[in-house]
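Participant: The following file, query.cif, comprises mmCIF, C-alpha atoms:
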data_entry
#
loop_
_atom_site.group_PDB
_atom_site.id
_atom_site.type_symbol
_atom_site.label_atom_id
_atom_site.label_comp_id
_atom_site.auth_asym_id
_atom_site.auth_seq_id
_atom_site.Cartn_x
_atom_site.Cartn_y
_atom_site.Cartn_z
ATOM 1 C CA MET A 220 10.488 17.687 17.596
ATOM 2 C CA LYS A 221 9.290 20.819 15.771
ATOM 3 C CA GLY A 222 12.590 21.000 13.853
ATOM 4 C CA LEU A 223 12.194 17.417 12.639
ATOM 5 C CA VAL A 224 8.617 18.050 11.493
ATOM 6 C CA LEU A 225 9.711 21.186 9.592
ATOM 7 C CA PHE A 226 12.588 19.300 7.962
ATOM 8 C CA LEU A 227 10.275 16.494 6.867
ATOM 9 C CA LEU A 228 7.776 18.956 5.406
ATOM 10 C CA LEU A 229 10.466 20.809 3.460
ATOM 11 C CA ALA A 230 11.999 17.566 2.195
ATOM 12 C CA SER A 231 8.610 16.360 0.976
ATOM 13 C CA VAL A 232 8.044 19.592 -0.956
ATOM 14 C CA ILE A 233 11.503 19.481 -2.537
ATOM 15 C CA PHE A 234 11.796 15.751 -3.248
ATOM 16 C CA GLY A 235 8.240 14.407 -3.069
ATOM 17 C CA ASN A 236 7.292 14.604 -6.735
ATOM 18 C CA SER A 237 10.454 13.302 -8.367
ATOM 19 C CA PHE A 238 9.385 9.643 -8.465
ATOM 20 C CA ALA A 239 5.579 9.918 -8.190
ATOM 21 C CA ALA A 240 4.852 9.810 -11.908
ATOM 22 C CA SER A 241 7.002 6.729 -12.491
ATOM 23 C CA PHE A 242 5.738 4.678 -9.527
ATOM 24 C CA PRO A 243 2.571 3.189 -11.098
ATOM 25 C CA GLU A 244 4.354 2.563 -14.393
ATOM 26 C CA ARG A 245 7.002 0.556 -12.513
ATOM 27 C CA CYS A 246 4.177 -1.512 -11.004
ATOM 28 C CA GLU A 247 2.649 -2.374 -14.387
ATOM 29 C CA GLY A 248 2.484 -6.084 -15.139
ATOM 30 C CA ARG A 249 1.715 -9.299 -13.282
ATOM 31 C CA TRP A 250 3.319 -10.041 -9.931
ATOM 32 C CA GLN A 251 3.109 -13.085 -7.640
ATOM 33 C CA GLY A 252 4.055 -13.977 -4.095
ATOM 34 C CA MET A 253 3.000 -15.537 -0.815
ATOM 35 C CA MET A 254 1.289 -13.262 1.711
ATOM 36 C CA TYR A 255 2.062 -14.039 5.335
ATOM 37 C CA ILE A 256 -0.476 -12.996 7.962
ATOM 38 C CA TRP A 257 0.555 -12.273 11.562
ATOM 39 C CA SER A 258 -1.636 -11.644 14.592
ATOM 40 C CA ARG A 259 0.051 -10.080 17.618
ATOM 41 C CA GLY A 260 3.494 -11.274 16.515
ATOM 42 C CA VAL A 261 2.493 -14.862 15.682
ATOM 43 C CA LEU A 262 2.328 -16.151 12.107
ATOM 44 C CA ARG A 263 -1.280 -17.315 11.662
ATOM 45 C CA ASP A 264 -1.757 -17.995 7.937
ATOM 46 C CA SER A 265 -0.480 -17.519 4.415
ATOM 47 C CA VAL A 266 -2.137 -17.133 1.030
ATOM 48 C CA GLY A 267 -0.892 -16.895 -2.556
ATOM 49 C CA ILE A 268 -1.255 -13.504 -4.231
ATOM 50 C CA ILE A 269 -1.406 -12.419 -7.861
ATOM 51 C CA PHE A 270 -1.139 -8.653 -8.251
ATOM 52 C CA THR A 271 -1.821 -7.070 -11.651
ATOM 53 C CA VAL A 272 -1.448 -3.423 -12.669
ATOM 54 C CA GLN A 273 -2.427 -2.090 -16.103
ATOM 55 C CA PRO A 274 -2.899 1.428 -17.444
ATOM 56 C CA ILE A 275 -6.494 2.337 -18.265
ATOM 57 C CA ALA A 276 -6.436 3.350 -21.940
ATOM 58 C CA THR A 277 -9.502 5.565 -21.720
ATOM 59 C CA GLU A 278 -8.300 7.587 -18.707
ATOM 60 C CA VAL A 279 -5.290 9.789 -18.065
ATOM 61 C CA ARG A 280 -3.068 8.835 -15.093
ATOM 62 C CA ALA A 281 -5.234 5.850 -14.094
ATOM 63 C CA TRP A 282 -4.452 2.149 -13.655
ATOM 64 C CA THR A 283 -6.306 -1.029 -12.760
ATOM 65 C CA TRP A 284 -4.921 -2.247 -9.424
ATOM 66 C CA THR A 285 -6.048 -5.836 -8.895
ATOM 67 C CA THR A 286 -5.138 -8.281 -6.133
ATOM 68 C CA GLU A 287 -6.193 -11.928 -6.381
ATOM 69 C CA TYR A 288 -6.054 -14.026 -3.222
ATOM 70 C CA ILE A 289 -5.430 -17.644 -4.278
ATOM 71 C CA SER A 290 -7.102 -19.708 -1.586
ATOM 72 C CA GLU A 291 -9.054 -22.967 -1.667
ATOM 73 C CA LYS A 292 -11.119 -21.888 1.356
ATOM 74 C CA MET A 293 -11.861 -18.296 0.431
ATOM 75 C CA PRO A 294 -10.623 -17.122 -2.994
ATOM 76 C CA MET A 295 -11.121 -13.404 -3.513
ATOM 77 C CA THR A 296 -10.357 -10.702 -6.070
ATOM 78 C CA LYS A 297 -10.045 -7.039 -5.089
ATOM 79 C CA ALA A 298 -10.250 -4.871 -8.217
ATOM 80 C CA TYR A 299 -9.403 -1.224 -7.604
ATOM 81 C CA LYS A 300 -8.562 1.791 -9.728
ATOM 82 C CA LEU A 301 -5.490 3.904 -8.919
ATOM 83 C CA ILE A 302 -5.768 7.535 -10.022
ATOM 84 C CA GLN A 303 -3.043 10.172 -9.835
ATOM 85 C CA LYS A 304 -4.562 13.467 -8.634
ATOM 86 C CA SER A 305 -2.623 15.611 -11.114
ATOM 87 C CA GLU A 306 0.364 15.224 -13.402
ATOM 88 C CA LEU A 307 2.941 16.505 -10.902
ATOM 89 C CA SER A 308 1.276 15.279 -7.723
ATOM 90 C CA ASN A 309 2.556 12.547 -5.425
ATOM 91 C CA GLU A 310 -1.061 11.993 -4.279
ATOM 92 C CA PHE A 311 -2.937 8.971 -5.623
ATOM 93 C CA LEU A 312 -6.491 7.808 -4.977
ATOM 94 C CA LEU A 313 -7.223 4.096 -4.675
ATOM 95 C CA ASP A 314 -10.893 3.752 -5.634
ATOM 96 C CA GLU A 315 -12.480 0.571 -4.316
ATOM 97 C CA GLY A 316 -15.493 1.104 -6.591
ATOM 98 C CA ASP A 317 -18.060 1.014 -3.783
ATOM 99 C CA GLY A 318 -17.721 4.611 -2.607
ATOM 100 C CA VAL A 319 -14.568 3.946 -0.568
ATOM 101 C CA VAL A 320 -11.519 5.910 -1.755
ATOM 102 C CA LEU A 321 -8.167 5.667 0.021
ATOM 103 C CA THR A 322 -5.605 8.450 -0.345
ATOM 104 C CA ASN A 323 -2.015 7.325 -1.000
ATOM 105 C CA TYR A 324 1.232 9.271 -1.227
ATOM 106 C CA VAL A 325 4.346 8.353 -3.200
ATOM 107 C CA PHE A 326 7.822 9.256 -2.013
ATOM 108 C CA GLU A 327 10.664 7.882 -4.110
ATOM 109 C CA ASN A 328 10.111 4.119 -4.395
ATOM 110 C CA LYS A 329 7.284 3.733 -1.872
ATOM 111 C CA MET A 330 3.549 4.471 -1.732
ATOM 112 C CA TYR A 331 1.909 5.002 1.684
ATOM 113 C CA SER A 332 -1.651 5.129 2.992
ATOM 114 C CA LEU A 333 -3.021 5.622 6.504
ATOM 115 C CA PHE A 334 -6.722 5.411 7.310
ATOM 116 C CA LYS A 335 -9.175 4.525 10.053
ATOM 117 C CA VAL A 336 -12.154 2.163 9.977
ATOM 118 C CA GLY A 337 -14.194 2.364 13.169
ATOM 119 C CA LYS A 338 -11.622 2.271 15.975
ATOM 120 C CA ILE A 339 -8.995 0.453 13.909
ATOM 121 C CA TRP A 340 -6.117 2.313 12.233
ATOM 122 C CA LEU A 341 -4.662 0.713 9.125
ATOM 123 C CA SER A 342 -1.532 1.534 7.173
ATOM 124 C CA SER A 343 -0.614 0.112 3.812
ATOM 125 C CA SER A 344 2.439 0.461 1.646
ATOM 126 C CA TYR A 345 3.899 -0.729 -1.632
ATOM 127 C CA GLU A 346 7.681 -0.509 -1.866
ATOM 128 C CA PHE A 347 10.211 -1.431 -4.523
ATOM 129 C CA LEU A 348 13.148 -3.346 -3.043
ATOM 130 C CA ASN A 349 15.651 -4.551 -5.616
ATOM 131 C CA GLU A 350 13.559 -6.433 -8.209
ATOM 132 C CA SER A 351 10.660 -7.042 -5.799
ATOM 133 C CA LEU A 352 7.534 -5.140 -4.825
ATOM 134 C CA VAL A 353 6.716 -5.433 -1.106
ATOM 135 C CA PHE A 354 3.080 -4.923 -0.096
ATOM 136 C CA GLU A 355 2.231 -4.546 3.601
ATOM 137 C CA VAL A 356 -0.892 -3.804 5.600
ATOM 138 C CA THR A 357 -0.742 -3.218 9.358
ATOM 139 C CA SER A 358 -3.555 -2.525 11.772
ATOM 140 C CA GLY A 359 -3.981 -1.601 15.386
ATOM 141 C CA ILE A 360 -5.816 0.605 17.828
ATOM 142 C CA LYS A 361 -5.067 3.601 20.032
ATOM 143 C CA SER A 362 -2.904 2.468 22.930
ATOM 144 C CA LYS A 363 -3.581 3.394 26.534
ATOM 145 C CA VAL A 364 0.024 4.591 26.771
ATOM 146 C CA GLU A 365 0.427 8.357 26.432
ATOM 147 C CA SER A 366 3.473 10.398 27.333
ATOM 148 C CA LYS A 367 3.918 14.152 27.160
ATOM 149 C CA GLY A 368 1.056 14.593 24.704
ATOM 150 C CA VAL A 369 2.184 11.770 22.395
ATOM 151 C CA LEU A 370 -0.443 9.143 21.586
ATOM 152 C CA ASN A 371 0.753 5.626 20.861
ATOM 153 C CA PHE A 372 -0.921 3.032 18.664
ATOM 154 C CA THR A 373 -0.595 -0.737 18.658
ATOM 155 C CA PHE A 374 0.531 -2.868 15.720
ATOM 156 C CA ASP A 375 -1.646 -5.935 16.233
ATOM 157 C CA PHE A 376 -1.834 -7.382 12.732
ATOM 158 C CA LEU A 377 0.474 -7.545 9.731
ATOM 159 C CA GLN A 378 -0.076 -8.854 6.214
ATOM 160 C CA ARG A 379 3.110 -8.891 4.110
ATOM 161 C CA VAL A 380 3.952 -10.209 0.683
ATOM 162 C CA ILE A 381 7.116 -9.934 -1.386
ATOM 163 C CA LEU A 382 5.942 -9.889 -4.992
ATOM 164 C CA LYS A 383 8.098 -11.019 -7.920
ATOM 165 C CA LYS A 384 7.268 -9.933 -11.429
ATOM 166 C CA ASN A 385 6.189 -12.559 -14.000
ATOM 167 C CA VAL A 386 6.827 -15.586 -11.840
ATOM 168 C CA ASN A 387 4.965 -18.684 -13.065
ATOM 169 C CA GLU A 388 4.616 -20.538 -9.756
ATOM 170 C CA LYS A 389 1.190 -21.896 -8.813
ATOM 171 C CA TYR A 390 -0.248 -21.542 -5.317
#
Give the structure from this file in structure tokens form.
Facilitator:
Amino acid sequence: MKGLVLFLLLASVIFGNSFAASFPERCEGRWQGMMYIWSRGVLRDSVGIIFTVQPIATEVRAWTWTTEYISEKMPMTKAYKLIQKSELSNEFLLDEGDGVVLTNYVFENKMYSLFKVGKIWLSSSYEFLNESLVFEVTSGIKSKVESKGVLNFTFDFLQRVILKKNVNEKY
């Protein structure tokens, strides 16, 4: 276990920054897709998504990071700002604009975030797969199962969308 952790740390130092600078630029543009929402393994709902990323002209290493949820019942727009910590860093801050800032990390073609709200742990990721951008959010709580000092966590909810760039479908 300790050997694996050491290997992962060394690999992140050696390879972690090689794709970080290009990740947000690859996201730039307008993307669309259908988000599917699962609760405890059962598909519960779906909603159309428009995801738009644009560089902020007045700021260095910063982008608008906007997700529109296309829903007749509850339309919503989440407008964030993504900021790269420094030129060579794989660390990005996703500023929600209300005092909440989520830390994200880019490794190769994927950006990860892990955070806790109350008792709920959430993970989010954006990943390039072929010509698509996959956005996922999972959430769960600390499990009652513990073995040899290892804590387990549930995966109770999943939101997943495969985004295609410049698709003109309406939801």
Participant: Could you state which residues are captured by the PyMOL selection byres ((chain A and resi 343) around 8) in this file, as an MDAnalysis selection string?
Facilitator: chainID A and resid 331:333 341:342 344:345 354:357
Participant: Around the point (-4.7, 3.4, 15.7), in the coordinates given by the file, pick out the residues reaching within 9 Å, counting all atoms listed in the file, and return them as a PyMOL selection string.
Facilitator: chain A and resi 334-335+338-341+358-362+371-374
Participant: Applying the PyMOL selection byres ((chain A and resi 251) around 12) to the file I just gave you, which residues come out? Please list them as JSON, numbers by chain.
Facilitator: {"A": [248, 249, 250, 252, 253, 254, 266, 267, 268, 269, 270, 271, 272, 285, 286, 287, 288, 289, 351, 352, 353, 354, 380, 381, 382, 383, 384, 385, 386, 387, 388, 389, 390]}
Participant: Report the centre and edge lengths, in Å to one decimal, of an axis-aligned box enclosing every atom of segment 372-383 of chain A listed in the file, padded by 4 Å on each side, as JSON.
Facilitator:
{"center_x": 3.1, "center_y": -4.0, "center_z": 5.4, "size_x": 17.9, "size_y": 22.1, "size_z": 34.6}
Participant: Translate the PyMOL selection byres ((chain A and resi 317) around 12) into a concrete residue list for this structure, as number ranges by chain.
Facilitator: A: 297-300, 313-316, 318-321
Participant: What is the distance, in Å and to one decimal place, between atom CA of Arg280 of chain A and atom CA of Tyr324 of chain A?
Facilitator: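 Distance between the two atoms: 14.5 Å.
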Participant: Quick one: of A:Ile256, A:Leu262, A:Leu307, A:Leu301, who's nearest to Glu278 of chain A, counting only C-alpha atoms?
Facilitator: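 Nearest to Glu278 of chain A: A:Leu301.
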Participant: Grab the atom CA of Ala281 of chain A to atom CA of Cys246 of chain A distance for me, in Å with one decimal place.
Facilitator: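 Value for the atom CA of Ala281 of chain A-atom CA of Cys246 of chain A distance: 12.3 Å.
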Participant: Could you tell me how far atom CA of Asn309 of chain A sits from atom CA of Lys329 of chain A, in Å to one decimal place?
Facilitator: 10.6 Å
Participant: Measuring atom to atom with only C-alpha atoms, identify which of A:Pro243, A:Trp257, A:Glu306, A:Arg379 is nearest to Ile275 of chain A.
Facilitator: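 Counting only C-alpha atoms, the residue closest to Ile275 of chain A is A:Pro243.
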Participant: My list of candidates is A:Gln303, A:Asn328, A:Thr283, A:Ser290. Which is closest to Glu247 of chain A when distances are computed with only C-alpha atoms?
Facilitator: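 Among the listed residues, A:Thr283 lies closest to Glu247 of chain A.
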Participant: With only C-alpha atoms as the atoms that count, which of A:Arg263, A:Phe242, A:Asn349, A:Pro294 lies nearest to Phe326 of chain A?
Facilitator: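 Of all the options, A:Phe242 lies closest to Phe326 of chain A.
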